[in-house]
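Visitor: Input file: structure_11.cif. Contents: mmCIF, C-alpha atoms and all ligand atoms.
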```
data_run
loop_
_atom_site.group_PDB
_atom_site.id
_atom_site.type_symbol
_atom_site.label_atom_id
_atom_site.label_comp_id
_atom_site.auth_asym_id
_atom_site.auth_seq_id
_atom_site.Cartn_x
_atom_site.Cartn_y
_atom_site.Cartn_z
ATOM 1 C CA MET N 1 4.854 -92.814 169.309
ATOM 2 C CA ALA N 2 4.646 -89.820 166.985
ATOM 3 C CA LYS N 3 3.343 -86.678 168.635
ATOM 4 C CA ARG N 4 1.697 -83.485 167.423
ATOM 5 C CA ILE N 5 3.761 -80.292 167.699
ATOM 6 C CA ASP N 6 1.762 -77.183 168.451
ATOM 7 C CA VAL N 7 3.650 -73.901 168.565
ATOM 8 C CA SER N 8 2.079 -70.600 169.522
ATOM 9 C CA GLY N 9 3.451 -67.083 169.749
ATOM 10 C CA LEU N 10 7.059 -68.233 169.738
ATOM 11 C CA ASN N 11 9.886 -65.668 169.738
ATOM 12 C CA ALA N 12 13.553 -66.658 169.824
ATOM 13 C CA TYR N 13 16.434 -64.339 170.644
ATOM 14 C CA TYR N 14 20.217 -64.266 170.493
ATOM 15 C CA GLY N 15 20.934 -61.795 173.282
ATOM 16 C CA SER N 16 18.863 -58.739 172.403
ATOM 17 C CA PHE N 17 18.470 -59.775 168.739
ATOM 18 C CA LEU N 18 15.012 -61.090 167.926
ATOM 19 C CA ALA N 19 15.755 -63.795 165.339
ATOM 20 C CA ILE N 20 12.233 -65.166 164.820
ATOM 21 C CA GLU N 21 8.985 -63.504 165.750
ATOM 22 C CA ASP N 22 5.559 -64.743 166.713
ATOM 23 C CA ILE N 23 5.658 -68.162 165.093
ATOM 24 C CA SER N 24 2.561 -70.327 165.404
ATOM 25 C CA MET N 25 2.032 -73.633 163.638
ATOM 26 C CA THR N 26 0.849 -77.181 164.101
ATOM 27 C CA VAL N 27 2.727 -80.215 162.822
ATOM 28 C CA GLU N 28 0.671 -83.390 162.645
ATOM 29 C CA PRO N 29 2.022 -86.744 163.819
ATOM 30 C CA ARG N 30 3.279 -89.122 161.141
ATOM 31 C CA SER N 31 3.795 -86.361 158.608
ATOM 32 C CA VAL N 32 6.739 -84.517 157.092
ATOM 33 C CA THR N 33 6.835 -80.729 157.258
ATOM 34 C CA ALA N 34 9.500 -78.842 155.290
ATOM 35 C CA PHE N 35 10.819 -75.393 156.262
ATOM 36 C CA ILE N 36 11.925 -73.286 153.310
ATOM 37 C CA GLY N 37 12.942 -69.656 152.901
ATOM 38 C CA PRO N 38 15.987 -67.488 152.206
ATOM 39 C CA SER N 39 19.149 -67.882 154.235
ATOM 40 C CA GLY N 40 19.013 -66.087 157.580
ATOM 41 C CA CYS N 41 15.223 -66.121 157.932
ATOM 42 C CA GLY N 42 15.424 -68.272 161.065
ATOM 43 C CA LYS N 43 14.604 -71.793 159.865
ATOM 44 C CA SER N 44 17.401 -73.451 161.843
ATOM 45 C CA THR N 45 16.787 -71.269 164.859
ATOM 46 C CA PHE N 46 13.139 -72.235 164.889
ATOM 47 C CA LEU N 47 13.982 -75.917 164.415
ATOM 48 C CA ARG N 48 16.296 -75.756 167.431
ATOM 49 C CA THR N 49 13.567 -74.277 169.616
ATOM 50 C CA LEU N 50 11.626 -77.505 169.049
ATOM 51 C CA ASN N 51 14.044 -79.536 171.167
ATOM 52 C CA ARG N 52 15.356 -76.775 173.440
ATOM 53 C CA MET N 53 18.686 -76.721 171.675
ATOM 54 C CA HIS N 54 18.384 -73.015 170.959
ATOM 55 C CA GLU N 55 19.046 -72.273 174.608
ATOM 56 C CA VAL N 56 22.387 -74.077 174.450
ATOM 57 C CA THR N 57 23.713 -71.164 172.313
ATOM 58 C CA PRO N 58 25.054 -68.392 174.566
ATOM 59 C CA GLY N 59 22.392 -65.663 174.775
ATOM 60 C CA GLY N 60 19.794 -68.001 173.269
ATOM 61 C CA ARG N 61 16.365 -67.670 174.814
ATOM 62 C CA VAL N 62 12.772 -68.199 173.872
ATOM 63 C CA ASP N 63 9.325 -67.038 174.840
ATOM 64 C CA GLY N 64 6.038 -68.518 173.724
ATOM 65 C CA LYS N 65 4.784 -72.039 173.781
ATOM 66 C CA VAL N 66 5.807 -75.356 172.222
ATOM 67 C CA MET N 67 3.453 -78.230 172.993
ATOM 68 C CA LEU N 68 4.228 -81.872 172.258
ATOM 69 C CA ASP N 69 0.740 -83.353 172.456
ATOM 70 C CA ASP N 70 -0.271 -82.060 175.873
ATOM 71 C CA GLU N 71 3.189 -81.369 177.341
ATOM 72 C CA ASN N 72 4.576 -77.865 177.293
ATOM 73 C CA LEU N 73 8.235 -78.250 176.368
ATOM 74 C CA TYR N 74 9.120 -74.972 178.044
ATOM 75 C CA LEU N 75 7.493 -75.778 181.371
ATOM 76 C CA GLN N 76 8.068 -79.453 181.714
ATOM 77 C CA TYR N 77 11.728 -79.230 182.673
ATOM 78 C CA GLY N 78 11.441 -76.057 184.748
ATOM 79 C CA ALA N 79 14.263 -73.572 184.545
ATOM 80 C CA GLY N 80 17.005 -76.131 184.058
ATOM 81 C CA ILE N 81 17.645 -77.752 180.705
ATOM 82 C CA ASP N 82 17.806 -81.496 180.601
ATOM 83 C CA PRO N 83 19.236 -82.163 177.173
ATOM 84 C CA VAL N 84 19.181 -85.915 177.558
ATOM 85 C CA ALA N 85 15.453 -86.016 178.276
ATOM 86 C CA VAL N 86 14.682 -83.526 175.515
ATOM 87 C CA ARG N 87 16.731 -85.344 172.917
ATOM 88 C CA ARG N 88 15.206 -88.616 173.845
ATOM 89 C CA GLU N 89 11.838 -87.239 172.907
ATOM 90 C CA VAL N 90 12.873 -84.982 170.028
ATOM 91 C CA GLY N 91 15.786 -86.380 168.028
ATOM 92 C CA MET N 92 17.900 -84.323 165.682
ATOM 93 C CA VAL N 93 19.961 -84.955 162.577
ATOM 94 C CA PHE N 94 22.417 -82.262 161.506
ATOM 95 C CA GLN N 95 23.695 -80.824 158.272
ATOM 96 C CA ARG N 96 27.036 -82.609 158.413
ATOM 97 C CA PRO N 97 26.974 -86.218 159.521
ATOM 98 C CA ASN N 98 28.497 -86.224 162.999
ATOM 99 C CA PRO N 99 29.072 -89.809 164.133
ATOM 100 C CA PHE N 100 31.231 -90.116 167.241
ATOM 101 C CA PRO N 101 34.548 -90.549 165.416
ATOM 102 C CA THR N 102 36.296 -92.959 167.744
ATOM 103 C CA MET N 103 33.248 -95.170 168.285
ATOM 104 C CA SER N 104 32.361 -98.235 166.286
ATOM 105 C CA VAL N 105 29.258 -98.375 164.096
ATOM 106 C CA TYR N 106 27.558 -100.422 166.821
ATOM 107 C CA ASP N 107 28.505 -98.070 169.648
ATOM 108 C CA ASN N 108 27.372 -95.034 167.680
ATOM 109 C CA VAL N 109 23.872 -96.476 167.477
ATOM 110 C CA ALA N 110 23.910 -97.716 171.079
ATOM 111 C CA ALA N 111 25.297 -94.459 172.525
ATOM 112 C CA GLY N 112 21.945 -92.841 173.363
ATOM 113 C CA LEU N 113 20.559 -96.058 174.820
ATOM 114 C CA ARG N 114 23.514 -96.419 177.158
ATOM 115 C CA LEU N 115 22.889 -92.895 178.435
ATOM 116 C CA ASN N 116 19.239 -93.623 178.986
ATOM 117 C CA GLY N 117 19.326 -96.786 181.002
ATOM 118 C CA LYS N 118 20.467 -100.309 181.480
ATOM 119 C CA TYR N 119 20.043 -102.768 178.659
ATOM 120 C CA LYS N 120 21.268 -106.323 178.398
ATOM 121 C CA LYS N 121 23.704 -107.013 175.578
ATOM 122 C CA SER N 122 21.072 -109.030 173.715
ATOM 123 C CA GLN N 123 18.568 -106.173 173.988
ATOM 124 C CA LEU N 124 21.151 -103.703 172.712
ATOM 125 C CA ASP N 125 21.980 -106.043 169.830
ATOM 126 C CA ASP N 126 18.313 -106.161 168.853
ATOM 127 C CA ILE N 127 17.795 -102.404 169.025
ATOM 128 C CA VAL N 128 21.018 -101.664 167.124
ATOM 129 C CA GLU N 129 19.992 -104.044 164.351
ATOM 130 C CA LYS N 130 16.436 -102.717 164.228
ATOM 131 C CA SER N 131 17.659 -99.101 164.095
ATOM 132 C CA LEU N 132 20.203 -99.811 161.377
ATOM 133 C CA ARG N 133 17.525 -101.644 159.391
ATOM 134 C CA GLY N 134 15.185 -98.696 159.975
ATOM 135 C CA ALA N 135 17.851 -96.370 158.589
ATOM 136 C CA ASN N 136 18.351 -98.644 155.525
ATOM 137 C CA LEU N 137 21.962 -99.225 156.516
ATOM 138 C CA TRP N 138 22.017 -102.715 158.020
ATOM 139 C CA ASN N 139 23.009 -104.614 154.887
ATOM 140 C CA GLU N 140 25.920 -102.273 154.252
ATOM 141 C CA VAL N 141 27.376 -102.417 157.770
ATOM 142 C CA LYS N 142 26.350 -105.737 159.301
ATOM 143 C CA ASP N 143 29.829 -107.167 158.696
ATOM 144 C CA ARG N 144 31.658 -104.142 160.082
ATOM 145 C CA LEU N 145 29.710 -103.272 163.223
ATOM 146 C CA ASN N 146 32.920 -103.074 165.229
ATOM 147 C CA LYS N 147 34.739 -100.802 162.788
ATOM 148 C CA PRO N 148 34.805 -97.029 163.376
ATOM 149 C CA GLY N 149 31.711 -95.128 162.219
ATOM 150 C CA SER N 150 33.999 -92.516 160.714
ATOM 151 C CA GLY N 151 35.136 -95.087 158.114
ATOM 152 C CA LEU N 152 31.754 -95.057 156.367
ATOM 153 C CA SER N 153 30.953 -92.890 153.336
ATOM 154 C CA GLY N 154 29.250 -89.537 153.913
ATOM 155 C CA GLY N 155 25.842 -90.890 152.959
ATOM 156 C CA GLN N 156 26.322 -93.947 155.177
ATOM 157 C CA GLN N 157 27.444 -91.734 158.072
ATOM 158 C CA GLN N 158 24.275 -89.664 157.736
ATOM 159 C CA ARG N 159 22.157 -92.841 157.807
ATOM 160 C CA LEU N 160 24.199 -93.936 160.848
ATOM 161 C CA CYS N 161 23.267 -90.654 162.542
ATOM 162 C CA ILE N 162 19.631 -91.312 161.678
ATOM 163 C CA ALA N 163 19.950 -94.818 163.165
ATOM 164 C CA ARG N 164 21.465 -93.284 166.313
ATOM 165 C CA ALA N 165 18.596 -90.781 166.511
ATOM 166 C CA ILE N 166 15.819 -93.368 166.065
ATOM 167 C CA ALA N 167 17.412 -95.955 168.398
ATOM 168 C CA VAL N 168 16.012 -94.156 171.451
ATOM 169 C CA GLU N 169 12.513 -94.169 169.883
ATOM 170 C CA PRO N 170 11.943 -90.405 169.831
ATOM 171 C CA ASN N 171 8.494 -88.945 169.169
ATOM 172 C CA VAL N 172 9.767 -86.317 166.773
ATOM 173 C CA LEU N 173 12.694 -86.229 164.357
ATOM 174 C CA LEU N 174 14.170 -82.851 163.397
ATOM 175 C CA MET N 175 16.463 -82.670 160.368
ATOM 176 C CA ASP N 176 18.519 -79.583 159.600
ATOM 177 C CA GLU N 177 19.457 -79.768 155.918
ATOM 178 C CA PRO N 178 20.380 -83.429 156.285
ATOM 179 C CA CYS N 179 21.422 -83.850 152.650
ATOM 180 C CA SER N 180 23.380 -80.681 152.040
ATOM 181 C CA ALA N 181 26.740 -82.439 152.400
ATOM 182 C CA LEU N 182 25.703 -85.502 150.381
ATOM 183 C CA ASP N 183 25.962 -86.593 146.756
ATOM 184 C CA PRO N 184 22.732 -87.049 144.708
ATOM 185 C CA ILE N 185 22.544 -90.846 145.192
ATOM 186 C CA SER N 186 22.927 -90.579 148.978
ATOM 187 C CA THR N 187 20.428 -87.736 148.949
ATOM 188 C CA LEU N 188 17.843 -89.949 147.254
ATOM 189 C CA ALA N 189 18.538 -92.696 149.807
ATOM 190 C CA ILE N 190 17.850 -90.264 152.652
ATOM 191 C CA GLU N 191 14.726 -88.940 150.934
ATOM 192 C CA ASP N 192 13.371 -92.483 150.520
ATOM 193 C CA LEU N 193 14.172 -93.140 154.141
ATOM 194 C CA ILE N 194 12.272 -90.031 155.256
ATOM 195 C CA GLY N 195 9.237 -91.395 153.425
ATOM 196 C CA GLU N 196 9.491 -94.600 155.458
ATOM 197 C CA LEU N 197 10.237 -92.935 158.792
ATOM 198 C CA LYS N 198 7.176 -90.736 158.653
ATOM 199 C CA GLU N 199 5.013 -93.798 159.294
ATOM 200 C CA ARG N 200 6.459 -93.800 162.827
ATOM 201 C CA PHE N 201 7.655 -90.276 163.582
ATOM 202 C CA THR N 202 6.666 -86.657 163.284
ATOM 203 C CA ILE N 203 9.319 -85.209 160.977
ATOM 204 C CA VAL N 204 10.410 -81.626 160.402
ATOM 205 C CA ILE N 205 13.091 -80.924 157.808
ATOM 206 C CA VAL N 206 14.876 -77.686 156.938
ATOM 207 C CA THR N 207 15.953 -77.691 153.316
ATOM 208 C CA HIS N 208 17.431 -75.232 150.848
ATOM 209 C CA ASN N 209 16.413 -77.507 148.041
ATOM 210 C CA MET N 210 12.887 -76.811 146.891
ATOM 211 C CA GLN N 211 12.667 -79.968 144.799
ATOM 212 C CA GLN N 212 13.503 -81.857 147.941
ATOM 213 C CA ALA N 213 10.775 -80.091 149.898
ATOM 214 C CA ALA N 214 8.337 -80.931 147.098
ATOM 215 C CA ARG N 215 9.472 -84.570 147.024
ATOM 216 C CA VAL N 216 9.528 -85.426 150.713
ATOM 217 C CA SER N 217 7.052 -83.244 152.568
ATOM 218 C CA ASP N 218 3.316 -83.266 153.145
ATOM 219 C CA ARG N 219 3.260 -79.681 154.290
ATOM 220 C CA THR N 220 5.623 -76.791 153.643
ATOM 221 C CA ALA N 221 6.228 -73.701 155.750
ATOM 222 C CA PHE N 222 7.686 -70.640 154.042
ATOM 223 C CA PHE N 223 9.692 -68.245 156.238
ATOM 224 C CA ASN N 224 10.935 -64.818 155.230
ATOM 225 C CA LEU N 225 12.374 -61.641 156.672
ATOM 226 C CA ALA N 226 11.639 -58.060 155.687
ATOM 227 C CA ALA N 227 15.320 -57.049 155.722
ATOM 228 C CA VAL N 228 18.625 -58.098 157.239
ATOM 229 C CA GLY N 229 18.486 -57.411 160.977
ATOM 230 C CA GLN N 230 14.718 -57.891 161.031
ATOM 231 C CA PRO N 231 13.212 -61.001 162.617
ATOM 232 C CA GLY N 232 12.257 -63.957 160.478
ATOM 233 C CA LYS N 233 8.548 -64.730 160.249
ATOM 234 C CA LEU N 234 6.383 -67.571 159.133
ATOM 235 C CA ILE N 235 4.697 -66.308 155.976
ATOM 236 C CA GLU N 236 2.497 -69.296 155.296
ATOM 237 C CA ILE N 237 2.180 -73.010 155.875
ATOM 238 C CA ASP N 238 0.021 -75.261 153.742
ATOM 239 C CA GLU N 239 -0.131 -78.536 151.877
ATOM 240 C CA THR N 240 3.131 -78.843 149.913
ATOM 241 C CA GLU N 241 1.252 -79.267 146.657
ATOM 242 C CA ARG N 242 -0.602 -76.047 147.275
ATOM 243 C CA ILE N 243 2.528 -74.074 148.292
ATOM 244 C CA PHE N 244 4.241 -75.106 145.064
ATOM 245 C CA SER N 245 1.253 -74.623 142.762
ATOM 246 C CA ASN N 246 -0.947 -71.937 144.197
ATOM 247 C CA PRO N 247 0.420 -70.251 147.341
ATOM 248 C CA SER N 248 -1.715 -67.639 149.083
ATOM 249 C CA VAL N 249 1.013 -65.037 149.517
ATOM 250 C CA GLN N 250 2.883 -63.258 146.721
ATOM 251 C CA ALA N 251 6.249 -63.500 148.540
ATOM 252 C CA THR N 252 5.926 -67.305 148.585
ATOM 253 C CA GLU N 253 5.201 -67.346 144.870
ATOM 254 C CA ASP N 254 8.226 -65.106 144.230
ATOM 255 C CA TYR N 255 10.480 -67.332 146.313
ATOM 256 C CA ILE N 256 9.446 -70.666 144.869
ATOM 257 C CA SER N 257 9.639 -69.342 141.326
ATOM 258 C CA GLY N 258 13.204 -68.194 142.022
ATOM 259 C CA ARG N 259 12.561 -64.469 141.862
ATOM 260 C CA PHE N 260 14.506 -63.906 145.108
ATOM 261 C CA GLY N 261 16.484 -65.699 147.774
HETATM 262 P P1 LIG M 301 18.362 -69.922 158.433
HETATM 263 O O1 LIG M 301 18.419 -71.279 159.048
HETATM 264 O O2 LIG M 301 17.024 -69.591 157.862
HETATM 265 O O3 LIG M 301 19.466 -69.662 157.448
HETATM 266 P P2 LIG M 301 19.248 -69.025 161.053
HETATM 267 O O4 LIG M 301 18.256 -69.577 161.984
HETATM 268 O O5 LIG M 301 20.555 -69.706 160.908
HETATM 269 O O6 LIG M 301 18.558 -68.855 159.613
HETATM 270 O O7 LIG M 301 19.551 -67.510 161.447
HETATM 271 C C1 LIG M 301 18.515 -66.580 161.768
HETATM 272 C C2 LIG M 301 19.145 -65.286 162.263
HETATM 273 O O8 LIG M 301 19.786 -65.529 163.520
HETATM 274 C C3 LIG M 301 20.223 -64.723 161.333
HETATM 275 O O9 LIG M 301 20.152 -63.307 161.378
HETATM 276 C C4 LIG M 301 21.501 -65.217 161.966
HETATM 277 O O10 LIG M 301 22.582 -64.343 161.669
HETATM 278 C C5 LIG M 301 21.157 -65.181 163.442
HETATM 279 N N1 LIG M 301 21.951 -66.179 164.196
HETATM 280 C C6 LIG M 301 22.018 -67.519 163.959
HETATM 281 N N2 LIG M 301 22.830 -68.128 164.838
HETATM 282 C C7 LIG M 301 23.269 -67.149 165.681
HETATM 283 C C8 LIG M 301 24.139 -67.136 166.832
HETATM 284 N N3 LIG M 301 24.704 -68.255 167.295
HETATM 285 N N4 LIG M 301 24.362 -65.932 167.427
HETATM 286 C C9 LIG M 301 23.799 -64.806 166.967
HETATM 287 N N5 LIG M 301 22.974 -64.748 165.903
HETATM 288 C C10 LIG M 301 22.712 -65.899 165.269
#
```
Just give me the structure as C-alpha cells.
Ligand code: ADP
Guide:
Amino acid sequence: MAKRIDVSGLNAYYGSFLAIEDISMTVEPRSVTAFIGPSGCGKSTFLRTLNRMHEVTPGGRVDGKVMLDDENLYLQYGAGIDPVAVRREVGMVFQRPNPFPTMSVYDNVAAGLRLNGKYKKSQLDDIVEKSLRGANLWNEVKDRLNKPGSGLSGGQQQRLCIARAIAVEPNVLLMDEPCSALDPISTLAIEDLIGELKERFTIVIVTHNMQQAARVSDRTAFFNLAAVGQPGKLIEIDETERIFSNPSVQATEDYISGRFG
C-alpha cells in the first residue's frame, strides 16, 4: 500500500559536515517525485535518509523527522537500525544494476522474501512471476529463470532489480539515477515501467536528466547549494509542469534552462 512521505526539518551529516540542511517536503502516495539539481547538492544523500540507509555510511547521521503516513521512521526502530525492516517498507533501486551475481534470476527476485519469512514453493513461484511481470521482464526471462541474473543485459538487470525490490511489496520505491548506466531503449523501458508502478507505489527518483524528470514525474524538487562545502538545500518543489515552465525561483529557472550545473 503506497504511503505518504512527510519530511520536516531534516538535516543529514557526514561526520561534522552538514550535507543537506532543513529539508521539508511531502510526497503523495501513488505519485512520482523527481529530485534534480547540480552534482553534490545532496540529492542522493537525501534519498538515502528516506530508508535509513544514510546511517550505514560511517559518520552518517540525521536529525529531523521523516514520517511514512503516521510512523516516524527515526523513532520506530529506536537507536538500532533494522535494515531488513526498513527496506521491506522502503525499497531502493541503485544507479548500477546490482543483481546478486551468483544467484539465478528466480533467486534474485525471491531473495528478499526468503529473508522476510517462510513461503511455500508455490507461493514463491507466484510472487516471483507477479514481480517479474510487474517489472515488464517476465516474457524475456521466463525460460531462463534458473540461469544467473548476471547473464542478462544491463537494462534487463535493472528491471530484475526492480522486480526484486517490488517482490516484498514495499510502500515506497526510491530510485537513485536508475537509468544512468542504461542505453536509450532500456531507459525508455524503465520510464514506462515507472509510469505503471506509480499506480501502486510512492516513487521518488533522483535524475540528472531533466527530460527524464519532465517525462516521468508528477512533481519535481530542485535542490541547490550556495557553494562547494555549503549544505544542499531544497529550493522549491512543485508540479513538474510548473517547474519546467514557470518556476517560482530564479535559480530553478537558471538550472533548467542550462545556465549552470
Ligand atoms: P548529489 O546526489 O546531489 O550529487 P550527494 O548526496 O552525493 O549529492 O552529496 C552531497 C554532499 O555530501 C557532497 O558534498 C558530497 O561530497 C558529500 N558526500 C557524499 N557522500 C559522502 C560520504 N560517503 N562521505 C562524506 N561526504 C559525502
Visitor: Given the file shown, enumerate the residues that the PyMOL selection byres (((chain N and resi 88) around 9) and not hetatm) captures and present them as a PyMOL selection string.
Guide: chain N and resi 83-87+89-91+112+116+165+168-171
Visitor: Ranking N:Lys130, N:Arg159, N:Lys65, N:Lys233 by minimum distance to ligand LIG 301 (chain M) and counting all atoms listed in the file, which one comes first?
Guide: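 Among the listed residues, the smallest separation from ligand LIG 301 (chain M) belongs to N:Lys233.
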Visitor: Identify which of the residues N:Ser31, N:Asn98, N:Thr26, N:Thr45 lies closest to ligand LIG 301 (chain M), counting all atoms listed in the file when measuring atom-to-atom distances.
Guide: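 So, comparing all the options, the nearest one is N:Thr45.
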Visitor: Quick one: everything within 8 Å of Arg96 (chain N), counting all atoms listed in the file, minus sequence neighbours fewer than 5 positions away in the same chain. Send it as a list of chain:residue names.
Guide: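 My list of contacting residues is N:Gln158, N:Pro178, N:Ser180, N:Ala181.
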Visitor: Work out how far CA of Leu68 (chain N) is from CA of Val27 (chain N), in Å to one decimal.
Guide: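 So the answer is 9.7 Å.
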Visitor: Restrict the calculation to all atoms listed in the file, then for each residue of chain N with any atom at most 12 Å from an atom of ligand LIG 301 (chain M) give the closest atom pair and their distance in Å to one decimal, rows by chain and rising residue number, as JSON lines.
Guide:
```
{"residue": "N:Asn11", "atom": "CA", "partner": "M:LIG301", "partner_atom": "O8", "distance": 11.7}
{"residue": "N:Ala12", "atom": "CA", "partner": "M:LIG301", "partner_atom": "O8", "distance": 8.9}
{"residue": "N:Tyr13", "atom": "CA", "partner": "M:LIG301", "partner_atom": "O8", "distance": 8.0}
{"residue": "N:Tyr14", "atom": "CA", "partner": "M:LIG301", "partner_atom": "C9", "distance": 5.1}
{"residue": "N:Gly15", "atom": "CA", "partner": "M:LIG301", "partner_atom": "C9", "distance": 7.6}
{"residue": "N:Ser16", "atom": "CA", "partner": "M:LIG301", "partner_atom": "C9", "distance": 9.5}
{"residue": "N:Phe17", "atom": "CA", "partner": "M:LIG301", "partner_atom": "N5", "distance": 7.3}
{"residue": "N:Leu18", "atom": "CA", "partner": "M:LIG301", "partner_atom": "O8", "distance": 7.9}
{"residue": "N:Ala19", "atom": "CA", "partner": "M:LIG301", "partner_atom": "O8", "distance": 4.8}
{"residue": "N:Ile20", "atom": "CA", "partner": "M:LIG301", "partner_atom": "C1", "distance": 7.1}
{"residue": "N:Glu21", "atom": "CA", "partner": "M:LIG301", "partner_atom": "C1", "distance": 10.8}
{"residue": "N:Phe35", "atom": "CA", "partner": "M:LIG301", "partner_atom": "O2", "distance": 8.6}
{"residue": "N:Ile36", "atom": "CA", "partner": "M:LIG301", "partner_atom": "O2", "distance": 7.8}
{"residue": "N:Gly37", "atom": "CA", "partner": "M:LIG301", "partner_atom": "O2", "distance": 6.4}
{"residue": "N:Pro38", "atom": "CA", "partner": "M:LIG301", "partner_atom": "O2", "distance": 6.1}
{"residue": "N:Ser39", "atom": "CA", "partner": "M:LIG301", "partner_atom": "O3", "distance": 3.7}
{"residue": "N:Gly40", "atom": "CA", "partner": "M:LIG301", "partner_atom": "O6", "distance": 3.5}
{"residue": "N:Cys41", "atom": "CA", "partner": "M:LIG301", "partner_atom": "O2", "distance": 3.9}
{"residue": "N:Gly42", "atom": "CA", "partner": "M:LIG301", "partner_atom": "O4", "distance": 3.3}
{"residue": "N:Lys43", "atom": "CA", "partner": "M:LIG301", "partner_atom": "O2", "distance": 3.8}
{"residue": "N:Ser44", "atom": "CA", "partner": "M:LIG301", "partner_atom": "O1", "distance": 3.7}
{"residue": "N:Thr45", "atom": "CA", "partner": "M:LIG301", "partner_atom": "O4", "distance": 3.6}
{"residue": "N:Phe46", "atom": "CA", "partner": "M:LIG301", "partner_atom": "O4", "distance": 6.5}
{"residue": "N:Leu47", "atom": "CA", "partner": "M:LIG301", "partner_atom": "O4", "distance": 8.0}
{"residue": "N:Arg48", "atom": "CA", "partner": "M:LIG301", "partner_atom": "O4", "distance": 8.5}
{"residue": "N:Thr49", "atom": "CA", "partner": "M:LIG301", "partner_atom": "O4", "distance": 10.1}
{"residue": "N:Met53", "atom": "CA", "partner": "M:LIG301", "partner_atom": "N3", "distance": 11.3}
{"residue": "N:His54", "atom": "CA", "partner": "M:LIG301", "partner_atom": "N3", "distance": 8.7}
{"residue": "N:Glu55", "atom": "CA", "partner": "M:LIG301", "partner_atom": "N3", "distance": 10.1}
{"residue": "N:Val56", "atom": "CA", "partner": "M:LIG301", "partner_atom": "N3", "distance": 9.5}
{"residue": "N:Thr57", "atom": "CA", "partner": "M:LIG301", "partner_atom": "N3", "distance": 5.9}
{"residue": "N:Pro58", "atom": "CA", "partner": "M:LIG301", "partner_atom": "N3", "distance": 7.3}
{"residue": "N:Gly59", "atom": "CA", "partner": "M:LIG301", "partner_atom": "N4", "distance": 7.6}
{"residue": "N:Gly60", "atom": "CA", "partner": "M:LIG301", "partner_atom": "N4", "distance": 7.7}
{"residue": "N:Arg61", "atom": "CA", "partner": "M:LIG301", "partner_atom": "N4", "distance": 11.0}
{"residue": "N:Phe94", "atom": "CA", "partner": "M:LIG301", "partner_atom": "O1", "distance": 11.9}
{"residue": "N:Gln95", "atom": "CA", "partner": "M:LIG301", "partner_atom": "O1", "distance": 10.9}
{"residue": "N:Met175", "atom": "CA", "partner": "M:LIG301", "partner_atom": "O1", "distance": 11.6}
{"residue": "N:Asp176", "atom": "CA", "partner": "M:LIG301", "partner_atom": "O1", "distance": 8.3}
{"residue": "N:Glu177", "atom": "CA", "partner": "M:LIG301", "partner_atom": "O1", "distance": 9.1}
{"residue": "N:Ile205", "atom": "CA", "partner": "M:LIG301", "partner_atom": "O1", "distance": 11.1}
{"residue": "N:Val206", "atom": "CA", "partner": "M:LIG301", "partner_atom": "O1", "distance": 7.6}
{"residue": "N:Thr207", "atom": "CA", "partner": "M:LIG301", "partner_atom": "O1", "distance": 8.9}
{"residue": "N:His208", "atom": "CA", "partner": "M:LIG301", "partner_atom": "O3", "distance": 8.9}
{"residue": "N:Ala221", "atom": "CA", "partner": "M:LIG301", "partner_atom": "O2", "distance": 11.7}
{"residue": "N:Phe222", "atom": "CA", "partner": "M:LIG301", "partner_atom": "O2", "distance": 10.1}
{"residue": "N:Phe223", "atom": "CA", "partner": "M:LIG301", "partner_atom": "O2", "distance": 7.6}
{"residue": "N:Asn224", "atom": "CA", "partner": "M:LIG301", "partner_atom": "O2", "distance": 8.2}
{"residue": "N:Leu225", "atom": "CA", "partner": "M:LIG301", "partner_atom": "O9", "distance": 9.2}
{"residue": "N:Ala226", "atom": "CA", "partner": "M:LIG301", "partner_atom": "O9", "distance": 11.5}
{"residue": "N:Ala227", "atom": "CA", "partner": "M:LIG301", "partner_atom": "O9", "distance": 9.7}
{"residue": "N:Val228", "atom": "CA", "partner": "M:LIG301", "partner_atom": "O9", "distance": 6.8}
{"residue": "N:Gly229", "atom": "CA", "partner": "M:LIG301", "partner_atom": "O9", "distance": 6.1}
{"residue": "N:Gln230", "atom": "CA", "partner": "M:LIG301", "partner_atom": "O9", "distance": 7.7}
{"residue": "N:Pro231", "atom": "CA", "partner": "M:LIG301", "partner_atom": "C2", "distance": 7.3}
{"residue": "N:Gly232", "atom": "CA", "partner": "M:LIG301", "partner_atom": "C1", "distance": 6.9}
{"residue": "N:Lys233", "atom": "CA", "partner": "M:LIG301", "partner_atom": "O2", "distance": 10.1}
{"residue": "N:Leu234", "atom": "CA", "partner": "M:LIG301", "partner_atom": "O2", "distance": 10.9}
{"residue": "N:Gly261", "atom": "CA", "partner": "M:LIG301", "partner_atom": "O2", "distance": 10.8}
```
Visitor: Measure the distance from CA of Gly155 (chain N) to CA of Ser186 (chain N) in Å and round it to one decimal.
Guide: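 Separation between CA of Gly155 (chain N) and CA of Ser186 (chain N): 4.9 Å.
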Visitor: Which value, in Å to one decimal, gives the distance between CA of Pro99 (chain N) and CA of Gln211 (chain N)?
Guide: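 These atoms are spaced 27.2 Å apart.
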Visitor: Just so the selection is clear, what residues does the PyMOL selection byres (((chain N and resi 167) around 7) and not hetatm) cover here, as a ChimeraX atom specification?
Guide: /N:109,127-128,131,163-166,168-169
Visitor: Put those residues in a file: C-alpha atoms, as a PDB file, in the coordinates of the input.
Guide:
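Resulting contents of out07.pdb:
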```
ATOM      1  CA  VAL N 109      23.872 -96.476 167.477  1.00  0.00           C
ATOM      2  CA  ILE N 127      17.795-102.404 169.025  1.00  0.00           C
ATOM      3  CA  VAL N 128      21.018-101.664 167.124  1.00  0.00           C
ATOM      4  CA  SER N 131      17.659 -99.101 164.095  1.00  0.00           C
ATOM      5  CA  ALA N 163      19.950 -94.818 163.165  1.00  0.00           C
ATOM      6  CA  ARG N 164      21.465 -93.284 166.313  1.00  0.00           C
ATOM      7  CA  ALA N 165      18.596 -90.781 166.511  1.00  0.00           C
ATOM      8  CA  ILE N 166      15.819 -93.368 166.065  1.00  0.00           C
ATOM      9  CA  VAL N 168      16.012 -94.156 171.451  1.00  0.00           C
ATOM     10  CA  GLU N 169      12.513 -94.169 169.883  1.00  0.00           C
TER      11      GLU N 169
END
```
Visitor: Check the smallest atom-to-atom distance from each of N:Arg259, N:Thr252, N:Gly149, N:Val32 to Glu191 (chain N) using all atoms listed in the file, then report the winner.
Guide: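 With all atoms listed in the file as the atom set, the closest residue is N:Val32.
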